[in-house]
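**Student:** Structure file coords-v2.csv (CSV, C-alpha atoms and all ligand atoms) is given on the next line.
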```csv
chain,number,residue,atom,x,y,z
A,9,MET,CA,1.6,14.8,-8.2
A,10,ALA,CA,1.8,11.1,-8.4
A,11,ARG,CA,0.7,8.6,-5.8
A,12,VAL,CA,4.1,7.3,-4.5
A,13,ILE,CA,4.2,3.7,-3.3
A,14,ALA,CA,7.3,2.1,-1.7
A,15,VAL,CA,7.3,-1.7,-1.9
A,16,CYS,CA,9.2,-2.6,1.3
A,17,ASN,CA,10.1,-5.5,3.5
A,18,GLN,CA,13.5,-6.0,5.0
A,19,LYS,CA,13.1,-9.8,4.6
A,20,GLY,CA,14.6,-11.1,1.4
A,21,GLY,CA,12.8,-12.9,-1.4
A,22,VAL,CA,9.2,-12.2,-0.3
A,23,GLY,CA,8.1,-10.8,-3.7
A,24,LYS,CA,8.9,-7.1,-3.5
A,25,THR,CA,10.4,-6.9,-7.0
A,26,THR,CA,7.8,-9.2,-8.5
A,27,THR,CA,5.0,-7.1,-7.0
A,28,ALA,CA,6.6,-3.7,-8.0
A,29,MET,CA,7.2,-4.8,-11.6
A,30,ASN,CA,3.8,-6.4,-12.2
A,31,LEU,CA,1.7,-3.9,-10.3
A,32,ALA,CA,3.5,-1.1,-12.3
A,33,ALA,CA,2.8,-2.9,-15.6
A,34,TYR,CA,-1.0,-3.4,-14.8
A,35,LEU,CA,-1.4,0.2,-13.7
A,36,ALA,CA,0.2,1.2,-17.0
A,37,ILE,CA,-2.2,-1.0,-18.9
A,38,TYR,CA,-5.0,0.7,-17.1
A,39,GLY,CA,-3.9,3.9,-18.7
A,40,ARG,CA,-2.0,5.4,-15.8
A,41,ARG,CA,1.5,6.9,-16.3
A,42,VAL,CA,3.8,5.0,-14.1
A,43,LEU,CA,7.5,5.3,-13.1
A,44,LEU,CA,9.1,2.4,-11.4
A,45,ILE,CA,12.3,3.3,-9.5
A,46,ASP,CA,14.6,0.4,-8.9
A,47,PHE,CA,16.2,1.3,-5.6
A,48,ASP,CA,18.0,-1.9,-4.8
A,49,PRO,CA,21.7,-2.5,-5.7
A,50,GLN,CA,20.7,-6.0,-6.8
A,51,PHE,CA,18.9,-4.3,-9.7
A,52,ASN,CA,16.4,-7.1,-10.2
A,53,ALA,CA,13.6,-4.9,-11.5
A,54,THR,CA,16.0,-3.4,-14.0
A,55,SER,CA,17.1,-6.7,-15.4
A,56,GLY,CA,13.6,-8.1,-15.2
A,57,LEU,CA,12.2,-5.5,-17.6
A,58,GLY,CA,15.0,-5.6,-20.2
A,59,VAL,CA,15.6,-1.9,-20.3
A,60,THR,CA,18.7,-0.6,-22.0
A,61,TYR,CA,20.7,2.2,-20.4
A,62,ALA,CA,24.2,3.6,-20.2
A,63,PRO,CA,26.3,2.7,-17.2
A,64,ASP,CA,26.0,6.3,-15.8
A,65,GLU,CA,22.2,6.4,-16.3
A,66,THR,CA,21.0,5.0,-13.0
A,67,ILE,CA,19.3,6.3,-9.9
A,68,TYR,CA,22.7,6.5,-8.2
A,69,HIS,CA,24.0,8.8,-10.8
A,70,ALA,CA,20.9,11.0,-10.6
A,71,LEU,CA,21.2,11.3,-6.8
A,72,LEU,CA,24.9,11.5,-6.3
A,73,GLY,CA,26.6,11.8,-9.7
A,74,GLY,CA,25.0,15.0,-11.0
A,75,GLN,CA,23.2,13.1,-13.8
A,76,ALA,CA,20.2,14.9,-15.3
A,77,HIS,CA,16.9,13.5,-14.1
A,78,GLU,CA,15.5,13.0,-17.6
A,79,ARG,CA,18.5,10.9,-18.5
A,80,VAL,CA,17.8,8.2,-15.9
A,81,ILE,CA,14.2,7.7,-16.9
A,82,LYS,CA,14.0,5.0,-19.5
A,83,ARG,CA,11.1,3.8,-21.6
A,84,THR,CA,10.0,0.3,-21.4
A,85,TYR,CA,8.0,-1.6,-24.0
A,86,LEU,CA,4.7,-0.7,-22.2
A,87,ALA,CA,3.8,2.8,-23.4
A,88,ASN,CA,2.9,4.2,-20.0
A,89,LEU,CA,5.6,2.5,-18.0
A,90,GLU,CA,9.0,4.0,-17.5
A,91,LEU,CA,11.9,2.8,-15.3
A,92,THR,CA,14.7,4.4,-13.5
A,93,PRO,CA,17.4,1.7,-13.4
A,94,ALA,CA,19.6,0.7,-10.5
A,95,SER,CA,23.1,-0.9,-10.5
A,96,PRO,CA,25.6,-2.1,-8.0
A,97,ASP,CA,26.8,1.5,-7.8
A,98,LEU,CA,23.8,2.1,-5.5
A,99,ALA,CA,25.5,0.2,-2.7
A,100,GLY,CA,28.2,2.9,-2.8
A,101,ALA,CA,25.5,5.5,-2.1
A,102,LEU,CA,25.3,4.0,1.4
A,103,VAL,CA,28.8,5.1,2.1
A,104,GLU,CA,28.6,8.4,0.4
A,105,LEU,CA,25.4,9.5,1.9
A,106,VAL,CA,26.3,8.8,5.5
A,107,ASN,CA,28.2,12.1,6.0
A,108,LEU,CA,26.0,14.3,3.8
A,109,PRO,CA,23.5,16.7,5.3
A,110,GLU,CA,19.9,15.6,4.8
A,111,ARG,CA,21.1,12.2,3.8
A,112,GLU,CA,17.6,10.7,4.3
A,113,TRP,CA,16.0,13.0,1.8
A,114,TYR,CA,17.8,12.4,-1.5
A,115,LEU,CA,15.3,10.1,-3.1
A,116,HIS,CA,12.5,12.3,-1.8
A,117,ARG,CA,13.9,15.3,-3.7
A,118,PHE,CA,14.2,13.2,-6.9
A,119,VAL,CA,10.6,12.0,-6.7
A,120,LYS,CA,9.4,15.6,-6.0
A,121,LYS,CA,11.1,16.7,-9.2
A,122,VAL,CA,9.8,14.0,-11.5
A,123,GLY,CA,6.5,13.1,-9.7
A,124,ASP,CA,4.3,15.5,-11.7
A,125,TRP,CA,4.9,13.6,-14.9
A,126,TYR,CA,3.2,10.5,-13.5
A,127,ASP,CA,0.0,9.1,-11.9
A,128,PHE,CA,2.0,6.5,-9.9
A,129,VAL,CA,5.6,6.2,-8.8
A,130,LEU,CA,6.6,2.8,-7.4
A,131,ILE,CA,9.8,2.3,-5.5
A,132,ASP,CA,11.3,-1.2,-5.3
A,133,LEU,CA,13.4,-1.4,-2.2
A,134,GLY,CA,16.0,-4.0,-1.2
A,135,PRO,CA,15.9,-6.5,1.6
A,136,SER,CA,17.3,-4.3,4.4
A,137,LEU,CA,16.5,-1.5,6.8
A,138,ASN,CA,19.3,0.8,5.9
A,139,LEU,CA,19.7,4.4,4.8
A,140,LEU,CA,18.5,3.5,1.3
A,141,THR,CA,15.3,2.1,2.8
A,142,VAL,CA,14.8,5.2,4.8
A,143,ASN,CA,15.3,7.3,1.6
A,144,GLY,CA,12.7,5.1,-0.1
A,145,LEU,CA,10.1,5.5,2.8
A,146,LEU,CA,10.6,9.2,3.0
A,147,ALA,CA,10.0,9.5,-0.8
A,148,ALA,CA,6.7,7.6,-0.5
A,149,ASP,CA,3.1,8.5,0.6
A,150,GLU,CA,2.2,4.8,0.8
A,151,VAL,CA,4.0,1.7,1.9
A,152,LEU,CA,3.1,-1.7,0.4
A,153,ILE,CA,4.5,-4.7,2.4
A,154,PRO,CA,4.5,-8.0,0.6
A,155,VAL,CA,4.2,-10.8,3.2
A,156,GLN,CA,5.2,-14.2,2.0
A,157,CYS,CA,3.0,-17.1,3.2
A,158,GLU,CA,5.8,-18.9,5.1
A,159,TYR,CA,6.5,-19.7,8.7
A,160,TYR,CA,8.9,-16.9,9.6
A,161,SER,CA,7.2,-14.3,7.5
A,162,LEU,CA,5.6,-12.5,10.4
A,163,GLU,CA,8.9,-12.1,12.2
A,164,GLY,CA,10.4,-8.7,11.6
A,165,LEU,CA,7.1,-7.1,10.5
A,166,SER,CA,6.7,-5.4,13.9
A,167,GLN,CA,10.3,-4.0,13.5
A,168,LEU,CA,9.4,-2.7,10.1
A,169,LEU,CA,6.1,-1.1,11.3
A,170,GLU,CA,7.9,0.5,14.3
A,171,SER,CA,10.6,1.9,11.9
A,172,ILE,CA,7.8,3.4,9.8
A,173,GLU,CA,6.2,5.0,12.9
A,174,LEU,CA,9.6,6.4,13.9
A,175,ILE,CA,10.0,7.9,10.5
A,176,LYS,CA,6.5,9.4,10.6
A,177,ASN,CA,6.9,10.8,14.1
A,178,ASN,CA,10.5,12.0,14.1
A,179,LEU,CA,11.4,12.9,10.6
A,180,GLY,CA,8.1,14.6,10.1
A,181,HIS,CA,7.1,12.7,7.0
A,182,GLU,CA,3.5,11.9,6.3
A,183,ILE,CA,3.0,8.3,5.2
A,184,ARG,CA,-0.7,8.1,4.4
A,185,SER,CA,-1.1,4.4,4.3
A,186,VAL,CA,0.6,1.2,5.1
A,187,SER,CA,-0.8,-2.0,3.7
A,188,ALA,CA,0.1,-5.7,3.4
A,189,LEU,CA,-0.1,-8.0,0.4
A,190,ILE,CA,-0.1,-11.7,0.8
A,191,THR,CA,2.3,-13.3,-1.6
A,192,MET,CA,3.3,-16.9,-2.6
A,193,TYR,CA,0.0,-18.2,-1.3
A,194,ASP,CA,-0.8,-21.8,-1.9
A,195,LYS,CA,-4.4,-22.6,-0.9
A,196,ARG,CA,-3.8,-26.3,-0.9
A,197,GLU,CA,-1.3,-25.9,2.0
A,198,LYS,CA,-2.6,-25.7,5.5
A,199,LEU,CA,0.3,-23.6,6.7
A,200,SER,CA,-0.2,-21.1,3.8
A,201,ARG,CA,-3.9,-20.7,4.7
A,202,GLU,CA,-3.1,-20.3,8.4
A,203,ILE,CA,-0.5,-17.6,7.7
A,204,ALA,CA,-2.8,-15.7,5.4
A,205,ARG,CA,-5.5,-15.9,8.1
A,206,GLU,CA,-3.0,-14.7,10.7
A,207,VAL,CA,-1.9,-11.8,8.6
A,208,ARG,CA,-5.5,-10.7,8.1
A,209,ARG,CA,-6.2,-11.0,11.8
A,210,ARG,CA,-3.1,-9.4,13.2
A,211,PHE,CA,-1.8,-6.9,10.7
A,212,PRO,CA,-2.8,-3.5,12.2
A,213,TYR,CA,-3.5,-1.8,8.8
A,214,LYS,CA,-5.1,-2.7,5.5
A,215,VAL,CA,-4.5,-6.1,3.9
A,216,TYR,CA,-5.3,-6.2,0.2
A,217,GLU,CA,-8.1,-8.6,-0.8
A,218,ALA,CA,-6.0,-9.8,-3.7
A,219,GLU,CA,-3.8,-12.7,-2.8
A,220,ILE,CA,-0.8,-13.5,-5.0
A,221,PRO,CA,-0.5,-17.3,-5.5
A,222,ARG,CA,2.7,-19.2,-5.8
A,223,SER,CA,3.0,-19.5,-9.5
A,224,VAL,CA,5.8,-20.7,-11.7
A,225,SER,CA,5.0,-18.2,-14.4
A,226,LEU,CA,5.6,-15.3,-12.1
A,227,ALA,CA,9.1,-16.7,-11.4
A,228,GLU,CA,9.8,-17.4,-15.1
A,229,ALA,CA,8.6,-14.1,-16.6
A,230,PRO,CA,11.7,-12.0,-15.6
A,231,SER,CA,14.1,-14.3,-17.4
A,232,TYR,CA,12.1,-13.4,-20.6
A,233,LYS,CA,12.3,-9.7,-19.6
A,234,LYS,CA,8.6,-9.5,-19.4
A,235,PRO,CA,6.0,-8.6,-16.8
A,236,ILE,CA,3.5,-11.5,-16.3
A,237,MET,CA,0.8,-10.0,-18.5
A,238,LEU,CA,3.0,-10.4,-21.5
A,239,TYR,CA,4.4,-13.7,-20.6
A,240,ALA,CA,1.4,-15.6,-19.2
A,241,PRO,CA,-1.6,-13.3,-19.2
A,242,GLN,CA,-4.1,-16.0,-18.2
A,243,SER,CA,-2.0,-17.5,-15.4
A,244,PRO,CA,-3.3,-17.2,-11.8
A,245,GLY,CA,-0.4,-14.9,-10.9
A,246,ALA,CA,-1.4,-12.5,-13.7
A,247,ILE,CA,-5.0,-12.5,-12.6
A,248,ALA,CA,-4.0,-11.8,-9.0
A,249,TYR,CA,-1.8,-8.8,-9.9
A,250,GLU,CA,-4.5,-7.4,-12.1
A,251,ALA,CA,-6.9,-7.7,-9.2
A,252,LEU,CA,-4.4,-5.8,-7.0
A,253,ALA,CA,-4.1,-3.0,-9.6
A,254,GLN,CA,-7.9,-2.8,-9.7
A,255,GLU,CA,-8.0,-2.5,-5.9
A,256,ILE,CA,-5.4,0.2,-5.8
A,257,LEU,CA,-7.2,2.1,-8.5
A,258,GLY,CA,-10.4,1.8,-6.4
A,259,MET,CA,-12.2,-0.2,-9.1
A,260,VAL,CA,-13.2,-3.2,-7.1
A,261,GLU,CA,-15.9,-1.6,-4.9
A,262,GLU,CA,-17.3,0.3,-7.9
A,263,ARG,CA,-17.5,-2.9,-9.9
A,264,VAL,CA,-19.4,-4.7,-7.1
A,265,MET,CA,-21.8,-1.8,-7.1
A,266,GLY,CA,-22.2,-2.0,-10.8
A,267,THR,CA,-21.2,1.6,-11.5
A,268,HIS,CA,-17.9,0.9,-13.2
A,269,PRO,CA,-17.9,0.6,-17.0
A,270,PRO,CA,-17.1,-2.9,-18.4
A,271,MET,CA,-13.5,-3.8,-18.0
A,272,ARG,CA,-11.1,-2.6,-20.7
A,273,PRO,CA,-10.1,-5.1,-23.3
A,274,VAL,CA,-6.6,-5.5,-21.9
A,275,GLU,CA,-5.9,-8.6,-24.1
A,276,LYS,CA,-6.6,-6.7,-27.3
A,277,LYS,CA,-4.3,-4.0,-26.3
A,278,LEU,CA,-1.7,-6.5,-25.4
A,279,ALA,CA,-1.8,-8.2,-28.7
A,280,SER,CA,-0.8,-5.0,-30.5
A,281,MET,CA,2.0,-4.5,-28.0
A,282,GLN,CA,3.4,-8.0,-28.3
A,283,LYS,CA,5.2,-7.3,-31.6
A,284,GLU,CA,7.0,-4.2,-30.3
A,285,ALA,CA,7.7,-6.0,-27.0
A,286,SER,CA,9.5,-8.9,-28.7
A,287,ARG,CA,11.6,-6.5,-30.8
A,288,ILE,CA,12.8,-4.6,-27.7
A,289,VAL,CA,13.3,-7.7,-25.6
A,290,GLU,CA,15.4,-9.2,-28.4
A,291,SER,CA,17.6,-6.2,-28.7
A,292,ALA,CA,18.0,-6.1,-24.9
A,293,MET,CA,19.0,-9.7,-24.9
A,294,GLN,CA,21.5,-9.2,-27.7
A,295,GLU,CA,23.0,-6.4,-25.8
A,296,GLU,CA,23.3,-8.5,-22.7
A,297,ALA,CA,24.9,-11.3,-24.6
A,298,ALA,CA,27.5,-8.8,-26.0
A,299,ARG,CA,28.2,-7.6,-22.5
A,300,ALA,CA,28.7,-11.1,-21.2
A,301,ASP,CA,32.1,-11.1,-22.9
A,302,PHE,CA,33.3,-8.7,-20.2
A,303,GLU,CA,32.2,-10.8,-17.3
A,304,ALA,CA,31.6,-8.6,-14.3
A,305,PRO,CA,33.0,-9.8,-10.9
A,306,PRO,CA,30.3,-11.4,-8.7
A,307,PHE,CA,28.3,-8.7,-6.9
A,308,GLU,CA,28.3,-8.7,-3.2
A,309,LEU,CA,26.7,-6.1,-1.0
A,310,PRO,CA,29.8,-4.7,0.7
A,311,LEU,CA,28.1,-2.4,3.1
A,312,ASP,CA,24.6,-2.9,4.4
A,313,ALA,CA,24.8,-1.1,7.7
A,314,PRO,CA,21.4,-0.9,9.4
A,315,TYR,CA,20.0,2.6,9.7
A,316,PRO,CA,20.5,3.8,13.3
A,317,PHE,CA,16.8,4.1,14.1
A,318,ASP,CA,17.9,4.7,17.7
A,319,ILE,CA,18.7,8.3,16.8
A,320,LEU,CA,15.1,8.9,16.0
A,321,ARG,CA,13.7,7.8,19.4
B,1,LIG,N1,4.1,-15.5,-6.4
B,1,LIG,C1,5.2,-16.1,-6.7
B,1,LIG,N2,5.2,-17.4,-7.1
B,1,LIG,C2,6.4,-18.0,-7.4
B,1,LIG,N3,7.6,-17.4,-7.4
B,1,LIG,C3,7.6,-16.1,-7.0
B,1,LIG,C4,6.4,-15.4,-6.7
B,1,LIG,N4,6.8,-14.1,-6.4
B,1,LIG,C5,8.2,-14.1,-6.5
B,1,LIG,N5,8.6,-15.3,-6.9
B,1,LIG,C6,10.0,-15.6,-7.1
B,1,LIG,O1,10.7,-15.6,-5.8
B,1,LIG,C7,12.0,-15.0,-5.9
B,1,LIG,C8,12.0,-13.8,-5.0
B,1,LIG,O2,11.0,-12.9,-5.5
B,1,LIG,P1,11.3,-11.3,-5.6
B,1,LIG,O3,12.6,-11.1,-6.3
B,1,LIG,O4,10.2,-10.6,-6.2
B,1,LIG,O5,11.5,-11.0,-4.1
B,1,LIG,P2,12.1,-9.7,-3.4
B,1,LIG,O6,11.4,-9.5,-2.1
B,1,LIG,O7,12.2,-8.6,-4.3
B,1,LIG,O8,13.6,-10.2,-3.1
B,1,LIG,P3,14.8,-9.3,-2.6
B,1,LIG,O9,14.6,-9.2,-1.1
B,1,LIG,O10,16.1,-10.2,-2.9
B,1,LIG,O11,14.8,-8.0,-3.3
B,1,LIG,C9,12.2,-14.7,-7.4
B,1,LIG,O12,12.9,-15.8,-7.9
B,1,LIG,C10,10.8,-14.6,-7.9
B,1,LIG,O13,10.8,-14.9,-9.3
B,2,MG,MG,13.8,-7.4,-4.9
```
Starting from the file, give its structure as structure tokens.

**Tutor:**
Amino acid sequence: MARVIAVCNQKGGVGKTTTAMNLAAYLAIYGRRVLLIDFDPQFNATSGLGVTYAPDETIYHALLGGQAHERVIKRTYLANLELTPASPDLAGALVELVNLPEREWYLHRFVKKVGDWYDFVLIDLGPSLNLLTVNGLLAADEVLIPVQCEYYSLEGLSQLLESIELIKNNLGHEIRSVSALITMYDKREKLSREIAREVRRRFPYKVYEAEIPRSVSLAEAPSYKKPIMLYAPQSPGAIAYEALAQEILGMVEERVMGTHPPMRPVEKKLASMQKEASRIVESAMQEEAARADFEAPPFELPLDAPYPFDILR
């Protein structure tokens, strides 16, 4: 069974999707079989990886539309990385789930079914603490919380940690680890350094050694439908996400102790993938351009009711 990691923070724009996509890609490059589940109706991870899929081949359709699980697992241009797309339909799941029995456990059941095919399942959650978030947390063994190096970033963290505790204690789900990842760090800025220090001092659980710098390349890569390693493999953001993957794989300590074999020639492997990647990205972009003729109405999250955590107390 895979290690299942939910990337979660109810604050928006802190780097959840960037982390989920790039961590997933590095774990895949290190030879692990990885499934990334986009579980956010904004579907940023889906569009950032340039995957093609039919309108009824998303996580919503697997959970509530009777779609076969295999049909919603899509190959990406990295051999070991697969993605389950999301779409705005997922916002509808909030309404539909509310009155269903065991409404908190739908994603858990999906992950249980497909988890054996992978070493890692990563779940990219949206910026809320609603029923979808609870489904994401109940499907996971580990929670990774990106914390942006900005003034208000620590606000709301205690609410998130408390919600995780309530889920652990009252829904009887084992979450083995909760950890924080410092994102958008700028070591030249005093505020950024102070917040990073504060997170390390106050966060009650593990804080990853890797710190993700603020890096333009990380923001640009999704518009080219690529993870950072294919867009700017030498950039500081790429190096930081690779370091995070190594930490999660337990390679860091081993390397310090000199027992780990020399690092794998990631670059060589990438070069051979580049050609195939460009082909797939090009066809995804062409498809997107064709779709642009039927312009979709602007997407707004209609219902984002907070999960009533009170019922768990
Ligand atoms: N380290 C970074 N340096 C620079 N830009 C970044 C970095 N990480 C993320 N970004 C950019 O910041 C924006 C928000 O990042 P991202 O989408 O990963 O956050 P999120 O937490 O998933 O947002 P949401 O809550 O809306 O799902 C994006 O435009 C992204 O490209
Ligand atoms: Mg996101």

**Student:** Write out as number ranges by chain each polymer residue whose atoms come within 7 Å of Ile67 (chain A), counting only C-alpha atoms; drop sequence neighbours fewer than 5 positions from it.

**Tutor:** A: 80, 92-94

**Student:** With a distance cut-off of 6 Å and only C-alpha atoms, select the neighbouring residues of region 221-237 of chain A, excluding the residue or stretch itself and same-chain residues fewer than 2 positions from it, and output the selection as a VMD selection string.

**Tutor:** chain A and resid 30 56 to 58 192 to 194 239 to 241 245 to 246

**Student:** Would you list the contacts of region 146-158 of chain A as a PyMOL selection string, taking every protein, DNA or RNA residue within 6 Å and counting only C-alpha atoms, but skipping same-chain residues closer than 6 positions in sequence?

**Tutor:** chain A and resi 12-17+22+115-116+183-193+200+203

**Student:** Kindly indicate which residue among A:Ala87, A:Ile131, A:Phe118, A:Ser136 lies nearest to Ala28 (chain A), using only C-alpha atoms for the distances.

**Tutor:**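 The answer is A:Ile131, which sits nearest to Ala28 (chain A).
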
**Student:** Please determine, counting all atoms listed in the file, which residue among A:His181, A:Lys19, A:Arg196, A:Arg40 has the shortest atom-to-atom distance to ligand MG 2 (chain B).

**Tutor:** A:Lys19

**Student:** Check the smallest atom-to-atom distance from each of A:Met29, A:Val119, A:Leu71, A:Leu199 to ligand MG 2 (chain B) using all atoms listed in the file, then report the winner.

**Tutor:**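 Using all atoms listed in the file, the shortest distance to ligand MG 2 (chain B) belongs to A:Met29.
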